[in-house]
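Worksheet: one structure, shown below.
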Amino acid sequence: MSNQDQQPPADVVARCHELTNQLNYHNKQYYLLDQPEIPDAEYDRLFQELKSLEQAFPPLLTESSPTQRVGALPLTEFETVLHEMPMLSLDNAFSAEDMQAFDKRLKERLKQADELEYSCEPKFDGIAVSLLYRDGVLERGATRGDGTTGENITQNVRTIGSIPLRLQGDDYPAVLEVRGEIFMPKRGFEQLNQRAIARGEKIFVNPRNAAAGSLRQLDSTVTARRPLVMCAYNVGYVEGELKGAHAQILLQLQGWGFVVSEELSVVDGVQGCLNYYAQLEQRRAGLAYDIDGIVFKVNSIPLQRRLGFVSRAPRWAIAHKFPAQEEITRLNDVEFQVGRTGAITPVARLEPVFVGGVTVSNATLHNRDEIQRLGVRIGDSVIVRRAGDVIPKVVAVVPGKNGENRREISFPEHCPVCGSLVETLEGEAVARCSGGLVCEAQRKEAIKHFASRQAMDIDGLGDKLVEQLVDEGLIHQVADLFTLSCEQIAGLERMGLKSAENLLRALDVSRETTLSRFLFSLGIREVGQATARNLAQYFGSLEKLVQAEIEALMEVDDVGPVVAHFVHDFFQQDNNLKAVEALKTAGVHWQEIDPVEQQDLPLAGKTYVLTGSLETMTRDHAKELLLAKGAKVAGSVSAKTHCVVAGPGAGAKRAKAEKLNIEIMDEATFLSFMESL
Ligand code: IVH
């Protein structure tokens, strides 16, 4: 039965009102005040619910419905501007089926059977802006506002480096309106927040809010200090006509000095769109900026014209959203975990929630200050963020949604594991258990670290097994690992004779190691893999390092006074020296390197870059091979790079190497080259 003319039932009308009120409220929080209280995904759900009610019961649809609007009313502090052409919004697709339906709709409307060509671009998570150029000179910058009128933010956009004040070349139209997104790259966002924390100021929940807040500054010198970028994605009003399809127009904009997404691509048909979506979703976490989906646009401008618009969005474009990175859930409890260095981390136990593509039930609350800053209590509704492989975290409390039984979180004064006093050193945000290796938690973590892949690489000795071994009292310190018997191991849960033998073999193999791995595995504070390597190379032997004074330690690459003190202190402590001795007695050994010989290694002075995936070994392993021959291994390609080892999937780094005429080796060539040395 169709609901076309049917009077909607009372409960539907009521729900419709409720949704309208909620959406209007959240619109204001988001667009006007830069203080969203709910995650975008929650907003999208409310929006979609209202939209489908209106579709099912057309009498419910009014012109003032939030589904018919584009943004929010402009702020009053800025002058308002009338857009020459309205700045529209985009329809969303949340699944492959939505995308297929979109593509089908267009083909039907165009009465065409051939595949359509789509331009694909990331959907940047920032603020839409319009930039008006007259005779090549930036005349006005404006926000989208409600789509018809926006705010004049010319002074602010003028401070953004990626926005040309004057267009390059001379083939631009007399009047050109460029549209795009201003956003804050992830790195800049983190740094901005870190500075804010250091000064005790309010921090931004996510890069989008930070970008919005930065643009809404009445004082443009504040904007100028914020790391903002603008990417152009469309044109608005143009005097005359630009040549070519949408993607070509974007490249033309690039020629005039704009930044255009390096991910811009043109594909055929909906399958092309879905492939593009899948490959960018894979790389999402590694991108320098937040994106919340892909925008697909019909590439041909004449076809765009034929398709036209519906109320708030073009028919020829759609945003295929990624799984949300922020969701609402309830904070059920807080537990305190003790790390390898005694650092006490409050961990939020959450009502399980699907976010960033996985179900999350734990999130970090960092430290005591963070709990205070968030003003969070047990029982609160909170926003959880999980971006890529980053540890999920609680980023905000949802106001007004919190029940009666909220409970204050009390930070422990004694270690929850060993009962030792918890200390917070001056100037440090972290509280630490003062128990050292007396603390079972710290001991367990130290042993897990020792066994880990980058350290002693003891195959099969995972976290769970370490916990069992310590819990059963079979080991107290790392050296005890090497005296375990087959029976002891085989007797443990989920272990048998076979796995016990395997572990013993792995322990045996791990005895032969390198000085740098050994140093790293000791878990000296602030001594990561790179520092361990530098220390090993500089001193060449453990004895020399143990005897080194602070001054000598500071001679080593990347070792400053703080690290030097940690290293020095470590080897001053008797129990540490005993642990090292015990390991040597247990048969752990390595080849000492004569530091002088470093210069004579075949690849001394050469810098290598590894990129793409390797088939016969991990990149870490390849790196070790290179380091052992005296090469340096860098993360990025520059004029100083001597050679790039590129496996399948290599992209930008390989391209840059080609451009700079740097030697490129595939894996097979690399292997035979290494063998020839
Ligand atoms: S095209 C008429 N392309 O998404 C077409 N929009 O929900 C209008 N956005 O307000 C937009 N990245 O702020 C387009 N590559 C992209 C985009 C993009 C982000 C934003 C834009 C717009 C919103 C629509």
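Following the order of the structure tokens, chains are lettered A, B, ..., residues in each are numbered from 1, and ligands are numbered from 1.
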
Ligand 1: which residues are within 8 Å, counting only C-alpha atoms and all ligand atoms? Reply as a VMD selection string. chain A and resid 87 to 92 120 to 129 144 180 to 181 232 to 234 291 294 to 297 313 to 314 317 319

Residues as selected, N, CA, C and O atoms, written as a compact mmCIF listing (two decimals), in the first residue's frame, can you do that?
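And here is the file that came out, selection_29.txt:
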# COMPACT_ATOMS: atom_id res chain seq x y z
N MET A 87 25.46 27.21 -2.73
CA MET A 87 26.44 26.15 -2.42
C MET A 87 25.66 24.98 -1.85
O MET A 87 25.09 25.08 -0.77
N LEU A 88 25.66 23.91 -2.59
CA LEU A 88 24.78 22.80 -2.24
C LEU A 88 25.45 21.78 -1.35
O LEU A 88 26.62 21.88 -1.02
N SER A 89 24.65 20.83 -1.00
CA SER A 89 25.11 19.74 -0.17
C SER A 89 25.18 18.48 -1.04
O SER A 89 24.94 18.55 -2.24
N LEU A 90 25.49 17.35 -0.44
CA LEU A 90 25.55 16.10 -1.21
C LEU A 90 24.67 15.05 -0.57
O LEU A 90 24.53 15.00 0.65
N ASP A 91 24.11 14.20 -1.41
CA ASP A 91 23.41 13.05 -0.88
C ASP A 91 24.43 12.02 -0.43
O ASP A 91 25.54 12.00 -0.95
N ASN A 92 24.03 11.17 0.52
CA ASN A 92 24.95 10.17 1.04
C ASN A 92 24.61 8.77 0.56
O ASN A 92 23.44 8.45 0.38
N CYS A 120 36.47 10.78 -9.09
CA CYS A 120 36.48 10.36 -7.68
C CYS A 120 37.44 11.25 -6.90
O CYS A 120 38.58 11.48 -7.34
N GLU A 121 36.99 11.72 -5.76
CA GLU A 121 37.84 12.52 -4.87
C GLU A 121 37.52 12.17 -3.44
O GLU A 121 36.40 11.79 -3.13
N PRO A 122 38.48 12.34 -2.55
CA PRO A 122 38.17 12.13 -1.14
C PRO A 122 37.11 13.14 -0.69
O PRO A 122 37.04 14.24 -1.24
N LYS A 123 36.30 12.77 0.28
CA LYS A 123 35.41 13.75 0.91
C LYS A 123 36.16 14.28 2.11
O LYS A 123 36.29 13.61 3.13
N PHE A 124 36.71 15.46 1.95
CA PHE A 124 37.50 16.08 3.02
C PHE A 124 36.60 16.44 4.18
O PHE A 124 35.46 16.87 3.97
N ASP A 125 37.12 16.29 5.39
CA ASP A 125 36.31 16.60 6.55
C ASP A 125 36.72 17.96 7.09
O ASP A 125 37.52 18.07 7.99
N GLY A 126 36.18 18.99 6.47
CA GLY A 126 36.55 20.34 6.88
C GLY A 126 35.40 21.30 6.66
O GLY A 126 34.24 20.94 6.89
N ILE A 127 35.72 22.49 6.17
CA ILE A 127 34.73 23.54 6.00
C ILE A 127 34.69 23.93 4.53
O ILE A 127 35.74 24.19 3.93
N ALA A 128 33.49 23.99 3.96
CA ALA A 128 33.36 24.37 2.56
C ALA A 128 33.54 25.88 2.43
O ALA A 128 33.01 26.64 3.24
N VAL A 129 34.32 26.29 1.42
CA VAL A 129 34.48 27.72 1.19
C VAL A 129 34.34 28.06 -0.29
O VAL A 129 34.51 27.21 -1.16
N ARG A 144 30.14 28.57 3.49
CA ARG A 144 28.93 28.16 2.81
C ARG A 144 27.68 28.73 3.49
O ARG A 144 26.70 29.05 2.82
N GLY A 180 35.96 24.79 -2.51
CA GLY A 180 36.78 23.71 -1.98
C GLY A 180 36.61 23.60 -0.49
O GLY A 180 35.72 24.21 0.10
N GLU A 181 37.46 22.78 0.10
CA GLU A 181 37.35 22.50 1.53
C GLU A 181 38.62 22.97 2.23
O GLU A 181 39.72 22.73 1.74
N ALA A 232 40.87 22.42 -3.63
CA ALA A 232 39.78 22.85 -4.52
C ALA A 232 39.06 21.63 -5.06
O ALA A 232 39.70 20.65 -5.46
N TYR A 233 37.71 21.65 -5.08
CA TYR A 233 36.98 20.50 -5.62
C TYR A 233 35.90 20.84 -6.64
O TYR A 233 35.23 19.96 -7.15
N ASN A 234 35.72 22.12 -6.92
CA ASN A 234 34.66 22.48 -7.87
C ASN A 234 34.78 23.97 -8.22
O ASN A 234 35.50 24.70 -7.57
N ILE A 291 39.43 12.02 6.15
CA ILE A 291 38.38 12.04 5.14
C ILE A 291 37.25 11.17 5.66
O ILE A 291 37.48 10.24 6.41
N ILE A 294 34.06 9.12 0.08
CA ILE A 294 34.50 9.48 -1.26
C ILE A 294 33.36 10.24 -1.94
O ILE A 294 32.19 9.87 -1.78
N VAL A 295 33.71 11.29 -2.69
CA VAL A 295 32.69 11.97 -3.48
C VAL A 295 32.84 11.52 -4.93
O VAL A 295 33.93 11.60 -5.50
N PHE A 296 31.75 10.98 -5.48
CA PHE A 296 31.74 10.57 -6.88
C PHE A 296 30.90 11.57 -7.66
O PHE A 296 29.77 11.87 -7.26
N LYS A 297 31.45 12.08 -8.76
CA LYS A 297 30.73 13.06 -9.57
C LYS A 297 30.71 12.60 -11.02
O LYS A 297 31.75 12.13 -11.52
N ALA A 313 20.69 19.16 -3.21
CA ALA A 313 21.88 18.48 -3.70
C ALA A 313 21.82 18.23 -5.20
O ALA A 313 20.74 18.10 -5.76
N PRO A 314 23.00 18.14 -5.82
CA PRO A 314 23.00 17.81 -7.25
C PRO A 314 22.63 16.33 -7.44
O PRO A 314 22.96 15.51 -6.59
N ALA A 317 26.00 13.88 -8.25
CA ALA A 317 27.10 13.57 -7.33
C ALA A 317 26.56 12.87 -6.09
O ALA A 317 25.38 13.01 -5.75
N ALA A 319 28.06 11.27 -2.01
CA ALA A 319 29.15 11.01 -1.07
C ALA A 319 28.97 9.61 -0.51
O ALA A 319 27.98 9.34 0.16

Mind checking DSSP for range 154-192 of chain A and telling me the strand (DSSP E) residues as a list in words?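 In range 154-192 of chain A, DSSP puts these residues in strand (DSSP E): Val175, Leu176, Glu177, Val178, Arg179, Gly180, Glu181, Ile182 and Phe183 of chain A.
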
Sorted by chain and rising residue number, which residues of range 457-547 of chain A lie within 12 Å of range 626-643 of chain A, and what are their closest atom pairs and distances in Å to one decimal, counting only C-alpha atoms, as a tab-separated table?
residue	atom	partner	partner_atom	distance
A:Thr514	CA	A:Ala628	CA	9.9
A:Leu515	CA	A:Ala628	CA	11.5
A:Ser516	CA	A:Ala628	CA	10.7
A:Ala530	CA	A:Val633	CA	10.6
A:Arg533	CA	A:Leu627	CA	9.1
A:Asn534	CA	A:Leu627	CA	10.7
A:Ala536	CA	A:Ala628	CA	11.5
A:Gln537	CA	A:Gly630	CA	9.7

Backbone-only DSSP, helix (DSSP H, G or I) members of range 361-581 of chain A, as number ranges by chain: A: 368-374, 436-438, 440-451, 463-471, 478-483, 486-490, 497-510, 515-521, 529-539, 542-547, 550-554, 561-572, 574-581

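Those residues that approach Leu46 in chain A to within 9 Å, counting only C-alpha atoms, are Leu19, Thr20, Gln22, Leu23, Ala41 and Lys51 of chain A; same-chain residues fewer than 5 positions away are not listed.
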
Show me, as a list in words, the residues that have an atom within 12 Å of Glu526 in chain A when counting only C-alpha atoms, minus same-chain residues fewer than 6 positions from it.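 Surrounding residues, per the criterion: Arg340, Thr341, Leu519, Phe520, Ala532, Asp558, Val559, Gly560, Pro561, Val562, Val563, Ala564, His565, Phe566, Val567 and Phe570 of chain A.
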
Could you save those same residues with N, CA and C atoms as a tab-separated table (two decimals), in the first residue's frame?
chain	number	residue	atom	x	y	z
A	340	ARG	N	54.89	-1.00	31.34
A	340	ARG	CA	56.25	-1.48	31.55
A	340	ARG	C	57.08	-0.54	32.41
A	341	THR	N	56.87	0.76	32.25
A	341	THR	CA	57.65	1.72	33.02
A	341	THR	C	56.87	2.18	34.25
A	519	LEU	N	70.01	-4.45	23.47
A	519	LEU	CA	69.81	-3.19	24.19
A	519	LEU	C	68.34	-2.77	24.18
A	520	PHE	N	67.74	-2.90	23.01
A	520	PHE	CA	66.33	-2.53	22.90
A	520	PHE	C	65.47	-3.39	23.82
A	532	ALA	N	68.65	2.40	20.31
A	532	ALA	CA	69.42	1.20	20.64
A	532	ALA	C	70.47	0.95	19.55
A	558	ASP	N	71.16	11.49	18.28
A	558	ASP	CA	69.79	11.51	18.83
A	558	ASP	C	69.71	11.25	20.33
A	559	VAL	N	70.83	11.24	21.02
A	559	VAL	CA	70.77	11.06	22.48
A	559	VAL	C	70.99	12.42	23.14
A	560	GLY	N	69.98	12.88	23.83
A	560	GLY	CA	70.07	14.15	24.56
A	560	GLY	C	70.25	13.87	26.03
A	561	PRO	N	70.24	14.92	26.85
A	561	PRO	CA	70.48	14.73	28.29
A	561	PRO	C	69.48	13.79	28.96
A	562	VAL	N	68.22	13.84	28.54
A	562	VAL	CA	67.20	13.01	29.21
A	562	VAL	C	67.48	11.53	28.98
A	563	VAL	N	67.67	11.18	27.71
A	563	VAL	CA	67.93	9.78	27.37
A	563	VAL	C	69.25	9.33	28.00
A	564	ALA	N	70.25	10.20	27.91
A	564	ALA	CA	71.56	9.85	28.47
A	564	ALA	C	71.42	9.50	29.95
A	565	HIS	N	70.62	10.26	30.67
A	565	HIS	CA	70.42	9.97	32.09
A	565	HIS	C	69.70	8.64	32.31
A	566	PHE	N	68.70	8.39	31.49
A	566	PHE	CA	67.98	7.11	31.64
A	566	PHE	C	68.93	5.93	31.42
A	567	VAL	N	69.78	6.04	30.39
A	567	VAL	CA	70.71	4.95	30.09
A	567	VAL	C	71.71	4.79	31.23
A	570	PHE	N	70.20	3.39	34.34
A	570	PHE	CA	69.86	1.97	34.19
A	570	PHE	C	71.05	1.10	34.57

Just the number, please: distance in Å from CA of Leu522 in chain A to CA of Ala446 in chain A, one decimal.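 Result for CA of Leu522 in chain A versus CA of Ala446 in chain A: 7.8 Å, one decimal.
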
What gap, in Å, lies between CA of Glu49 in chain A and CA of Cys16 in chain A? 8.8 Å

CA of Ala451 in chain A and CA of Lys544 in chain A, how far apart in Å? 24.8 Å

What's around Pro399 in chain A at 12 Å? Count only C-alpha atoms, leave out sequence neighbours fewer than 5 positions away in its own chain, and write the answer as number ranges by chain. A: 29, 35-38, 328, 374-377, 380-383

Can you pull out every residue within 12 Å of Ser499 in chain A, counting only C-alpha atoms, but drop anything in the same chain fewer than 6 positions away, and send it as a PyMOL selection string? chain A and resi 459-461+465+486-493+505-506

Would you mind listing what lies within 8 Å of range 216-220 of chain A as a ChimeraX atom specification, with only C-alpha atoms counted and same-chain residues fewer than 6 positions away left out? /A:77-78,153,155-156,159

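In terms of minimum interatomic distance to Thr223 in chain A, A:Gly161 ranks closest within A:Gly161, A:Gly147, A:Gly257, A:Gly308, counting only C-alpha atoms.
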
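If you measure from each of A:Lys243, A:Lys186, A:Arg195, A:Arg105 to Tyr172 in chain A using only C-alpha atoms, the closest one turns out to be A:Lys243.
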
So, counting only C-alpha atoms, which residue among A:Thr67, A:Ser510, A:Asn299, A:Asn152 is closest to Ser265 in chain A?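 Closest to Ser265 in chain A, using only C-alpha atoms: A:Asn299.
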
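Closest approach to Thr611 in chain A among A:Val527, A:Leu303, A:Val645, A:Ala224 is made by A:Val645 (distances from only C-alpha atoms).
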
Nearest residue to Gln591 in chain A from the set A:Glu428, A:Glu512, A:Glu84, A:Asp463 (distances using only C-alpha atoms):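 Residue with the minimum atom-to-atom distance to Gln591 in chain A: A:Glu512.
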